Amino acid sequence: MIYIAVGCLTFICYAIFDLNKIKFIHKNINILLILGSAVLFLCTVAIIASNHSMRISTPLQWLALLLAFLSLILLIYTIFGAIPLKKTYIESNKGNTVVDTGMYALCRHPGVLWFFFFYILLSLAFRNKLLLTAALVWTCLDIIYVYIQDRWLFPIILEDYQSYQKQVPFLKPNMASFRNCMSSLRGKVIK
């Protein structure tokens, strides 16, 4: 359980990183994004390593591992590839613009979906109950974190965010947002 508790510190690092964009505006605080991610990664590895049965032997376990890997790729793409990397994570300033295409046409916080699927599928692949608990705890914290972003931080940090909130669902994609996502990924934006 200690790894789950330490992993929770990740979301504090992320929150301070976001607050830096509107309050402190200091480039050195941006390191908290990397630090928080490293803590989560190390806690995940420690939880997997602490499992006495790390064998993946059934086809369903292999499928879960493959889908977990796909979810991780989608998570990394969503967080670092689908939005302007330098403006989002390196520069500490207000006035960034909303990205409302691709993954961000699906829902306002698609990273939460891929995060959840990654950890749930990884816990199924390794048959690891502690990782399943971590998946649920960390996903709940992630939802709280993005709610705070959505409600109080992003309307200040991102231009025209209120309009984006009206057009794109918070976390649960709908058919219209799914179509917009797929169309924009193919290069056709539907408004």
# chains A, B, ... in the order shown; residues from 1 in each chain; ligands from 1
>>> residues_around(residues="A:Asn180", least_positions_apart="2", cutoff="7 Å", atoms="only C-alpha atoms", output="VMD selection string")
chain A and resid 105 to 106 176 to 178 182 to 184 189 to 190
>>> residues_around(residues="A:Tyr147", least_positions_apart="2", cutoff="12 Å", atoms="only C-alpha atoms", output="MDAnalysis selection string")
chainID A and resid 15 108:109 112 140:145 149:155 165 170:171
>>> write_last_selection(atoms="N, CA and C atoms", output="compact mmCIF listing (two decimals), in the first residue's frame")
# COMPACT_ATOMS: atom_id res chain seq x y z
N ALA A 15 -0.58 19.15 -9.93
CA ALA A 15 -1.38 20.33 -9.56
C ALA A 15 -0.49 21.56 -9.37
N ARG A 108 -12.74 16.28 -23.15
CA ARG A 108 -11.82 17.33 -22.74
C ARG A 108 -10.58 16.79 -22.03
N HIS A 109 -10.67 15.61 -21.47
CA HIS A 109 -9.54 15.02 -20.74
C HIS A 109 -9.35 13.56 -21.14
N VAL A 112 -7.27 10.76 -19.16
CA VAL A 112 -7.84 9.99 -18.04
C VAL A 112 -8.35 8.63 -18.53
N CYS A 140 -9.20 7.74 -9.61
CA CYS A 140 -10.05 8.67 -8.86
C CYS A 140 -9.33 10.00 -8.63
N LEU A 141 -8.07 9.94 -8.25
CA LEU A 141 -7.29 11.17 -8.06
C LEU A 141 -7.12 11.92 -9.38
N ASP A 142 -6.92 11.18 -10.46
CA ASP A 142 -6.79 11.80 -11.77
C ASP A 142 -8.08 12.53 -12.16
N ILE A 143 -9.22 11.92 -11.85
CA ILE A 143 -10.51 12.56 -12.15
C ILE A 143 -10.69 13.83 -11.32
N ILE A 144 -10.32 13.77 -10.05
CA ILE A 144 -10.38 14.98 -9.20
C ILE A 144 -9.45 16.05 -9.77
N TYR A 145 -8.25 15.63 -10.14
CA TYR A 145 -7.27 16.56 -10.70
C TYR A 145 -7.78 17.24 -11.96
N GLN A 149 -8.71 21.14 -12.91
CA GLN A 149 -8.22 21.79 -14.12
C GLN A 149 -9.37 22.39 -14.93
N ASP A 150 -10.39 21.57 -15.13
CA ASP A 150 -11.52 21.95 -15.98
C ASP A 150 -12.33 23.09 -15.41
N ARG A 151 -12.50 23.08 -14.12
CA ARG A 151 -13.38 24.05 -13.46
C ARG A 151 -12.67 25.38 -13.18
N TRP A 152 -11.42 25.32 -12.70
CA TRP A 152 -10.77 26.54 -12.21
C TRP A 152 -9.50 26.93 -12.95
N LEU A 153 -8.71 25.97 -13.39
CA LEU A 153 -7.41 26.33 -13.97
C LEU A 153 -7.46 26.61 -15.47
N PHE A 154 -8.01 25.68 -16.24
CA PHE A 154 -7.99 25.84 -17.68
C PHE A 154 -8.77 27.05 -18.19
N PRO A 155 -9.87 27.45 -17.53
CA PRO A 155 -10.52 28.69 -18.00
C PRO A 155 -9.60 29.91 -17.90
N GLN A 165 -15.72 23.89 -23.46
CA GLN A 165 -16.49 23.12 -22.47
C GLN A 165 -17.92 22.86 -22.95
N PHE A 170 -16.92 16.28 -20.97
CA PHE A 170 -15.87 16.30 -19.95
C PHE A 170 -15.00 15.04 -20.02
N LEU A 171 -15.55 13.89 -19.70
CA LEU A 171 -14.79 12.64 -19.72
C LEU A 171 -15.44 11.53 -20.54
>>> select_by_dssp(residues="stretch 33-184 of chain A", states="strand (DSSP E or B)", output="list in words")
Asn96, Thr97, Leu158 and Glu159 of chain A
>>> residues_around(residues="A:Ala46", least_positions_apart="6", cutoff="10 Å", atoms="only C-alpha atoms", output="NGL selection string")
:A and (3-4 or 40 or 131)
>>> write_last_selection(atoms="N, CA and C atoms", output="short mmCIF file (atom, residue, chain, number, x, y, z; two decimals), in the first residue's frame")
data_model
loop_
_atom_site.label_atom_id
_atom_site.label_comp_id
_atom_site.auth_asym_id
_atom_site.auth_seq_id
_atom_site.Cartn_x
_atom_site.Cartn_y
_atom_site.Cartn_z
N TYR A 3 3.30 1.97 -1.89
CA TYR A 3 3.52 2.41 -3.26
C TYR A 3 2.31 3.18 -3.80
N ILE A 4 1.13 2.77 -3.40
CA ILE A 4 -0.07 3.48 -3.83
C ILE A 4 -0.07 4.89 -3.23
N LEU A 40 5.25 8.06 -10.35
CA LEU A 40 4.19 7.13 -10.74
C LEU A 40 4.77 5.90 -11.44
N LEU A 131 -2.16 -3.72 -7.86
CA LEU A 131 -2.16 -2.82 -9.02
C LEU A 131 -3.58 -2.42 -9.40
#
>>> closest_residue(among="A:Tyr89, A:Phe24, A:Phe115, A:Trp62", to="A:Trp138", atoms="only C-alpha atoms")
A:Phe115
>>> residues_around(residues="stretch 84-86 of chain A", least_positions_apart="6", cutoff="12 Å", atoms="only C-alpha atoms", output="list in words")
Lys27, Asn30, Ile76, Tyr77, Thr78, Ser92, Asn93, Asn96, Thr97, Val98 and Val99 of chain A
>>> closest_residue(among="A:Leu136, A:Ile90, A:Ile79, A:Leu130", to="A:Trp114", atoms="only C-alpha atoms")
A:Ile79
>>> atom_distance(atom1="atom CA of A:Lys172", atom2="atom CA of A:Phe69")
21.7 Å
>>> residues_around(residues="stretch 5-9 of chain A", least_positions_apart="5", cutoff="9 Å", atoms="only C-alpha atoms", output="PDB file with C-alpha atoms, in the first residue's frame")
ATOM      1  CA  TYR A  14       0.868  17.854 -11.385  1.00  0.00           C
ATOM      2  CA  GLY A  36       5.500  13.311 -10.720  1.00  0.00           C
ATOM      3  CA  VAL A  39       7.236   8.734  -9.133  1.00  0.00           C
ATOM      4  CA  LEU A  40       4.189   7.126 -10.738  1.00  0.00           C
ATOM      5  CA  PHE A  41       6.363   5.011 -13.039  1.00  0.00           C
ATOM      6  CA  LEU A  42       8.571   3.796 -10.164  1.00  0.00           C
ATOM      7  CA  CYS A  43       5.559   2.996  -7.988  1.00  0.00           C
ATOM      8  CA  THR A  44       3.988   1.048 -10.841  1.00  0.00           C
ATOM      9  CA  ALA A 134      -3.727   1.445  -7.412  1.00  0.00           C
ATOM     10  CA  VAL A 137      -7.202   5.043  -6.435  1.00  0.00           C
ATOM     11  CA  TRP A 138      -5.004   6.804  -8.977  1.00  0.00           C
ATOM     12  CA  LEU A 141      -7.291  11.167  -8.064  1.00  0.00           C
TER      13      LEU A 141
END
>>> select_by_dssp(residues="stretch 17-190 of chain A", states="alpha helix (DSSP H)", output="ChimeraX atom specification")
/A:17-19,31-50,59-76,85,103-106,110-126,129-148,154-157,161-167,175-185
>>> closest_residue(among="A:Ile16, A:Val45, A:Met54, A:Val146", to="A:Asn128", atoms="only C-alpha atoms")
A:Met54
>>> atom_distance(atom1="atom CA of A:Leu132", atom2="atom CA of A:Asn174")
26.6 Å
>>> residues_around(residues="A:Arg55", least_positions_apart="6", cutoff="10 Å", atoms="only C-alpha atoms", output="PDB file with N, CA and C atoms, in the first residue's frame")
ATOM      1  N   GLN A  61      -4.317 -13.004 -20.663  1.00  0.00           N
ATOM      2  CA  GLN A  61      -3.317 -12.143 -20.022  1.00  0.00           C
ATOM      3  C   GLN A  61      -2.477 -11.436 -21.081  1.00  0.00           C
ATOM      4  N   ALA A 125      -3.486  -8.198 -16.711  1.00  0.00           N
ATOM      5  CA  ALA A 125      -2.414  -8.962 -17.348  1.00  0.00           C
ATOM      6  C   ALA A 125      -1.533  -9.663 -16.313  1.00  0.00           C
ATOM      7  N   PHE A 126      -1.221  -8.962 -15.227  1.00  0.00           N
ATOM      8  CA  PHE A 126      -0.354  -9.526 -14.193  1.00  0.00           C
ATOM      9  C   PHE A 126      -1.127 -10.180 -13.053  1.00  0.00           C
ATOM     10  N   ARG A 127      -2.464 -10.130 -13.141  1.00  0.00           N
ATOM     11  CA  ARG A 127      -3.314 -10.654 -12.064  1.00  0.00           C
ATOM     12  C   ARG A 127      -2.864 -10.106 -10.708  1.00  0.00           C
TER      13      ARG A 127
END
